[in-house]
file work15.cif (mmCIF, C-alpha atoms)
data_start
#
loop_
_atom_site.group_PDB
_atom_site.id
_atom_site.type_symbol
_atom_site.label_atom_id
_atom_site.label_comp_id
_atom_site.auth_asym_id
_atom_site.auth_seq_id
_atom_site.Cartn_x
_atom_site.Cartn_y
_atom_site.Cartn_z
ATOM 1 C CA MET H 1236 146.086 110.457 75.376
ATOM 2 C CA LYS H 1237 146.861 107.569 77.699
ATOM 3 C CA PHE H 1238 144.003 105.922 79.616
ATOM 4 C CA PRO H 1239 144.486 104.465 83.086
ATOM 5 C CA PRO H 1240 144.499 100.689 83.487
ATOM 6 C CA THR H 1241 141.071 99.102 83.782
ATOM 7 C CA LYS H 1242 141.465 98.093 87.450
ATOM 8 C CA LYS H 1243 142.257 101.656 88.499
ATOM 9 C CA LEU H 1244 139.327 102.984 86.477
ATOM 10 C CA ILE H 1245 136.873 100.521 88.015
ATOM 11 C CA ARG H 1246 138.222 101.177 91.523
ATOM 12 C CA GLY H 1247 137.825 104.919 90.946
ATOM 13 C CA VAL H 1248 134.239 104.545 89.710
ATOM 14 C CA ILE H 1249 133.307 102.377 92.704
ATOM 15 C CA THR H 1250 134.915 104.810 95.133
ATOM 16 C CA CYS H 1251 133.109 107.726 93.504
ATOM 17 C CA CYS H 1252 129.758 105.914 93.731
ATOM 18 C CA LEU H 1253 130.327 105.073 97.384
ATOM 19 C CA VAL H 1254 131.202 108.665 98.224
ATOM 20 C CA LEU H 1255 128.160 110.006 96.372
ATOM 21 C CA PHE H 1256 125.532 107.489 97.476
ATOM 22 C CA LEU H 1257 126.666 106.430 100.962
ATOM 23 C CA PRO H 1258 125.073 109.423 102.751
ATOM 24 C CA GLU H 1259 121.729 108.714 101.048
ATOM 25 C CA PHE H 1260 121.945 105.037 101.962
ATOM 26 C CA VAL H 1261 122.751 105.837 105.603
ATOM 27 C CA PHE H 1262 119.847 108.294 105.735
ATOM 28 C CA ALA H 1263 117.439 105.691 104.290
ATOM 29 C CA VAL H 1264 118.558 103.023 106.772
ATOM 30 C CA ARG H 1265 118.372 105.447 109.686
ATOM 31 C CA SER H 1266 114.857 106.534 108.641
ATOM 32 C CA SER H 1267 113.636 102.944 108.412
ATOM 33 C CA VAL H 1268 115.109 102.104 111.837
ATOM 34 C CA ILE H 1269 113.445 105.154 113.362
ATOM 35 C CA SER H 1270 110.089 104.231 111.824
ATOM 36 C CA LEU H 1271 110.404 100.693 113.226
ATOM 37 C CA LYS H 1272 111.190 102.024 116.701
ATOM 38 C CA LYS H 1273 108.181 104.340 116.547
ATOM 39 C CA LYS H 1274 105.908 101.387 115.869
ATOM 40 C CA ASP H 1275 104.478 100.064 119.120
ATOM 41 C CA THR H 1276 105.645 96.561 120.071
ATOM 42 C CA SER H 1277 102.068 95.371 120.647
ATOM 43 C CA LYS H 1278 101.142 96.442 117.103
ATOM 44 C CA ILE H 1279 104.052 94.443 115.715
ATOM 45 C CA LEU H 1280 103.020 91.423 117.807
ATOM 46 C CA LYS H 1281 99.496 91.750 116.400
ATOM 47 C CA GLU H 1282 100.953 91.899 112.897
ATOM 48 C CA ILE H 1283 103.047 88.774 113.597
ATOM 49 C CA TYR H 1284 99.857 87.016 114.710
ATOM 50 C CA GLN H 1285 98.008 88.088 111.549
ATOM 51 C CA GLU H 1286 100.870 86.967 109.311
ATOM 52 C CA MET H 1287 101.023 83.589 111.083
ATOM 53 C CA LYS H 1288 97.269 83.050 110.663
ATOM 54 C CA GLU H 1289 97.792 83.062 106.895
ATOM 55 C CA PHE H 1290 99.861 79.869 107.111
ATOM 56 C CA GLU H 1291 97.867 76.662 106.887
ATOM 57 C CA LYS H 1292 97.657 74.162 109.708
ATOM 58 C CA TYR H 1293 99.284 70.817 109.078
ATOM 59 C CA PRO H 1294 96.779 67.998 108.487
ATOM 60 C CA GLY H 1295 95.550 66.562 111.783
ATOM 61 C CA CYS H 1296 96.928 69.486 113.822
ATOM 62 C CA ASP H 1297 94.885 72.132 115.585
ATOM 63 C CA PHE H 1298 97.738 74.640 115.706
ATOM 64 C CA ILE H 1299 100.060 76.547 113.392
ATOM 65 C CA LYS H 1300 103.802 76.113 113.904
ATOM 66 C CA LYS H 1301 106.556 77.604 111.775
ATOM 67 C CA GLU H 1302 110.302 78.099 112.065
ATOM 68 C CA PHE H 1303 112.265 81.132 110.914
ATOM 69 C CA PHE H 1304 115.780 82.512 111.011
ATOM 70 C CA VAL H 1305 116.385 86.176 111.806
ATOM 71 C CA GLY H 1306 119.288 88.091 110.346
ATOM 72 C CA GLU H 1307 120.530 90.271 107.534
ATOM 73 C CA ASP H 1308 121.830 87.587 105.159
ATOM 74 C CA ASP H 1309 119.616 85.958 102.507
ATOM 75 C CA ASP H 1310 121.046 82.542 103.404
ATOM 76 C CA ASP H 1311 119.575 81.050 106.592
ATOM 77 C CA THR H 1312 122.809 79.182 107.304
ATOM 78 C CA ASN H 1313 124.452 82.537 108.008
ATOM 79 C CA LYS H 1314 121.836 83.646 110.541
ATOM 80 C CA ASP H 1315 122.382 83.117 114.254
ATOM 81 C CA ILE H 1316 118.852 83.602 115.582
ATOM 82 C CA HIS H 1317 116.359 80.741 115.240
ATOM 83 C CA VAL H 1318 112.670 81.435 115.930
ATOM 84 C CA VAL H 1319 109.785 79.021 116.400
ATOM 85 C CA ILE H 1320 106.258 80.450 116.509
ATOM 86 C CA LEU H 1321 103.262 78.460 117.690
ATOM 87 C CA VAL H 1322 99.662 79.717 117.364
ATOM 88 C CA GLN H 1323 96.982 77.696 119.133
ATOM 89 C CA ASP H 1324 93.465 78.034 120.557
ATOM 90 C CA VAL H 1325 93.332 78.083 124.361
ATOM 91 C CA ASP H 1326 90.061 78.835 126.187
ATOM 92 C CA GLN H 1327 88.504 80.631 123.193
ATOM 93 C CA LYS H 1328 91.548 82.876 122.900
ATOM 94 C CA GLU H 1329 94.438 82.459 120.559
ATOM 95 C CA LYS H 1330 97.784 81.966 122.253
ATOM 96 C CA VAL H 1331 100.980 82.833 120.422
ATOM 97 C CA THR H 1332 104.292 81.512 121.710
ATOM 98 C CA ILE H 1333 107.522 82.820 120.223
ATOM 99 C CA GLN H 1334 110.699 80.943 121.135
ATOM 100 C CA VAL H 1335 113.925 82.679 120.162
ATOM 101 C CA THR H 1336 117.142 80.655 120.229
ATOM 102 C CA TYR H 1337 120.380 82.578 119.966
ATOM 103 C CA MET H 1338 123.000 80.438 118.266
ATOM 104 C CA GLU H 1339 126.761 80.420 118.621
ATOM 105 C CA ARG H 1340 129.015 79.191 115.811
ATOM 106 C CA SER H 1341 130.863 75.940 116.448
ATOM 107 C CA LYS H 1342 134.632 76.351 116.543
ATOM 108 C CA GLY H 1343 135.316 73.208 114.517
ATOM 109 C CA LYS H 1344 132.527 73.711 111.978
ATOM 110 C CA PRO H 1345 131.583 77.390 111.527
ATOM 111 C CA VAL H 1346 128.388 76.486 109.631
ATOM 112 C CA VAL H 1347 127.041 74.590 112.656
ATOM 113 C CA GLY H 1348 125.229 76.705 115.229
ATOM 114 C CA ILE H 1349 124.943 75.604 118.849
ATOM 115 C CA ALA H 1350 122.199 77.016 121.070
ATOM 116 C CA LYS H 1351 123.677 79.653 123.361
ATOM 117 C CA TYR H 1352 120.464 80.655 125.154
ATOM 118 C CA VAL H 1353 116.701 80.661 124.611
ATOM 119 C CA LYS H 1354 114.088 83.317 125.340
ATOM 120 C CA VAL H 1355 110.315 82.933 125.176
ATOM 121 C CA LEU H 1356 107.522 85.442 124.627
ATOM 122 C CA SER H 1357 103.899 84.289 124.988
ATOM 123 C CA PHE H 1358 100.748 86.322 124.562
ATOM 124 C CA PHE H 1359 96.997 85.982 124.091
ATOM 125 C CA VAL H 1360 95.159 87.647 121.236
ATOM 126 C CA PHE H 1361 91.488 88.461 121.583
ATOM 127 C CA GLY H 1362 90.039 90.985 119.180
ATOM 128 C CA ASP H 1363 92.485 93.847 118.835
ATOM 129 C CA GLN H 1364 93.935 93.264 122.291
ATOM 130 C CA ILE H 1365 97.280 91.682 123.131
ATOM 131 C CA GLU H 1366 97.872 90.333 126.637
ATOM 132 C CA ILE H 1367 101.453 89.294 127.306
ATOM 133 C CA ILE H 1368 101.561 86.190 129.491
ATOM 134 C CA LYS H 1369 105.296 85.603 129.690
ATOM 135 C CA SER H 1370 108.326 87.471 128.429
ATOM 136 C CA ASP H 1371 111.978 86.636 128.967
ATOM 137 C CA PHE H 1372 112.857 89.854 127.121
ATOM 138 C CA ASP H 1373 113.324 93.259 128.674
ATOM 139 C CA ALA H 1374 111.588 96.172 126.915
ATOM 140 C CA ASN H 1375 114.665 97.040 124.854
ATOM 141 C CA GLY H 1376 115.252 93.394 123.876
ATOM 142 C CA LYS H 1377 111.680 93.106 122.594
ATOM 143 C CA GLU H 1378 112.033 96.274 120.533
ATOM 144 C CA LEU H 1379 115.168 94.884 118.914
ATOM 145 C CA ILE H 1380 114.007 91.347 118.043
ATOM 146 C CA ILE H 1381 110.273 91.704 117.276
ATOM 147 C CA PRO H 1382 110.676 93.703 114.006
ATOM 148 C CA GLY H 1383 113.258 91.178 112.819
ATOM 149 C CA ILE H 1384 110.864 88.309 113.495
ATOM 150 C CA LEU H 1385 108.118 90.035 111.528
ATOM 151 C CA GLN H 1386 110.509 90.564 108.622
ATOM 152 C CA ALA H 1387 111.599 86.899 108.740
ATOM 153 C CA ILE H 1388 107.946 85.812 108.505
ATOM 154 C CA LYS H 1389 107.340 88.076 105.517
ATOM 155 C CA ASN H 1390 110.508 86.833 103.828
ATOM 156 C CA LYS H 1391 109.499 83.191 104.275
ATOM 157 C CA LYS H 1392 105.988 83.866 102.961
ATOM 158 C CA LYS H 1393 107.467 85.546 99.897
ATOM 159 C CA LEU H 1394 109.848 82.638 99.375
ATOM 160 C CA LEU H 1395 107.037 80.077 99.692
ATOM 161 C CA LYS H 1396 104.866 82.109 97.341
ATOM 162 C CA ASP H 1397 107.602 82.108 94.690
ATOM 163 C CA ILE H 1398 107.937 78.315 94.792
#
call {"tool": "encode", "arguments": {"input": "work15.cif", "output": "structure tokens"}}
result
Amino acid sequence: MKFPPTKKLIRGVITCCLVLFLPEFVFAVRSSVISLKKKDTSKILKEIYQEMKEFEKYPGCDFIKKEFFVGEDDDDTNKDIHVVILVQDVDQKEKVTIQVTYMERSKGKPVVGIAKYVKVLSFFVFGDQIEIIKSDFDANGKELIIPGILQAIKNKKKLLKDI
């Protein structure tokens, strides 16, 4: 009995696995996207605020400021959305400012990102209430970026915890 060459065998196994497990993977991704869309944007903003409050203030500062990158890759150099979040006390309310910079890859150096455009979202938090002060995002734009920002915060916290 003659066995097929190793490359063909491996290629066949990979193809078989893709055919068998791809529908389950697509279903899982679709379910998670649907559950994120069902979550109200104000609840996600509140969760972003709560996650940010867990970071410590820098010595001598009366605010919390952190930077994040949003995207699918584990490596921040491959992400094209840069986010800065500032949490500060203003008139006995906490103000959260989220600045989102959309980057464009440089033609000469593809690792270098150049700011294409910037959008800002600011809101007050008092108790369980969120009051949006300013938003450069339309409703659909907020729904798309806000869950990614929350995930970027959680990823950075996990990374810092592991160090």
call {"tool": "resolve_selection", "arguments": {"input": "work15.cif", "expression": "the PyMOL selection byres ((chain H and resi 1369) around 7)", "output": "PyMOL selection string"}}
result
chain H and resi 1356-1358+1367-1368+1370-1371
call {"tool": "resolve_selection", "arguments": {"input": "work15.cif", "expression": "the PyMOL selection byres ((chain H and resi 1339-1350) around 10)", "output": "list of chain:residue names"}}
result
H:Thr1312, H:Asn1313, H:Lys1314, H:Asp1315, H:Ile1316, H:His1317, H:Thr1336, H:Tyr1337, H:Met1338, H:Lys1351, H:Tyr1352, H:Val1353
call {"tool": "closest_residue", "arguments": {"input": "work15.cif", "among": "H:Glu1378, H:Asp1297, H:Glu1289, H:Asp1363", "to": "Asp1275 of chain H", "atoms": "all atoms listed in the file"}}
result
H:Glu1378
call {"tool": "closest_residue", "arguments": {"input": "work15.cif", "among": "H:Val1325, H:Val1355, H:Val1305, H:Ile1320", "to": "Glu1286 of chain H", "atoms": "only C-alpha atoms"}}
result
H:Ile1320
call {"tool": "resolve_selection", "arguments": {"input": "work15.cif", "expression": "the PyMOL selection byres ((chain H and resi 1324) around 10)", "output": "PyMOL selection string"}}
result
chain H and resi 1297-1299+1322-1323+1325-1331+1359-1360
call {"tool": "atom_distance", "arguments": {"input": "work15.cif", "atom1": "atom CA of Gln1285 of chain H", "atom2": "atom CA of Gly1306 of chain H"}}
result
21.3 Å
call {"tool": "atom_distance", "arguments": {"input": "work15.cif", "atom1": "atom CA of Gly1383 of chain H", "atom2": "atom CA of Met1287 of chain H"}}
result
14.5 Å
call {"tool": "residues_around", "arguments": {"input": "work15.cif", "residues": "Ile1380 of chain H", "least_positions_apart": "3", "cutoff": "12 Å", "atoms": "only C-alpha atoms", "output": "ChimeraX atom specification"}}
result
/H:1271-1272,1276,1279-1280,1304-1306,1316-1318,1333-1337,1354-1356,1372-1377,1383-1387
call {"tool": "closest_residue", "arguments": {"input": "work15.cif", "among": "H:Lys1278, H:Lys1292, H:Lys1396, H:Lys1391", "to": "Asp1310 of chain H", "atoms": "all atoms listed in the file"}}
result
H:Lys1391
call {"tool": "atom_distance", "arguments": {"input": "work15.cif", "atom1": "atom CA of Glu1302 of chain H", "atom2": "atom CA of Asp1397 of chain H"}}
result
18.0 Å
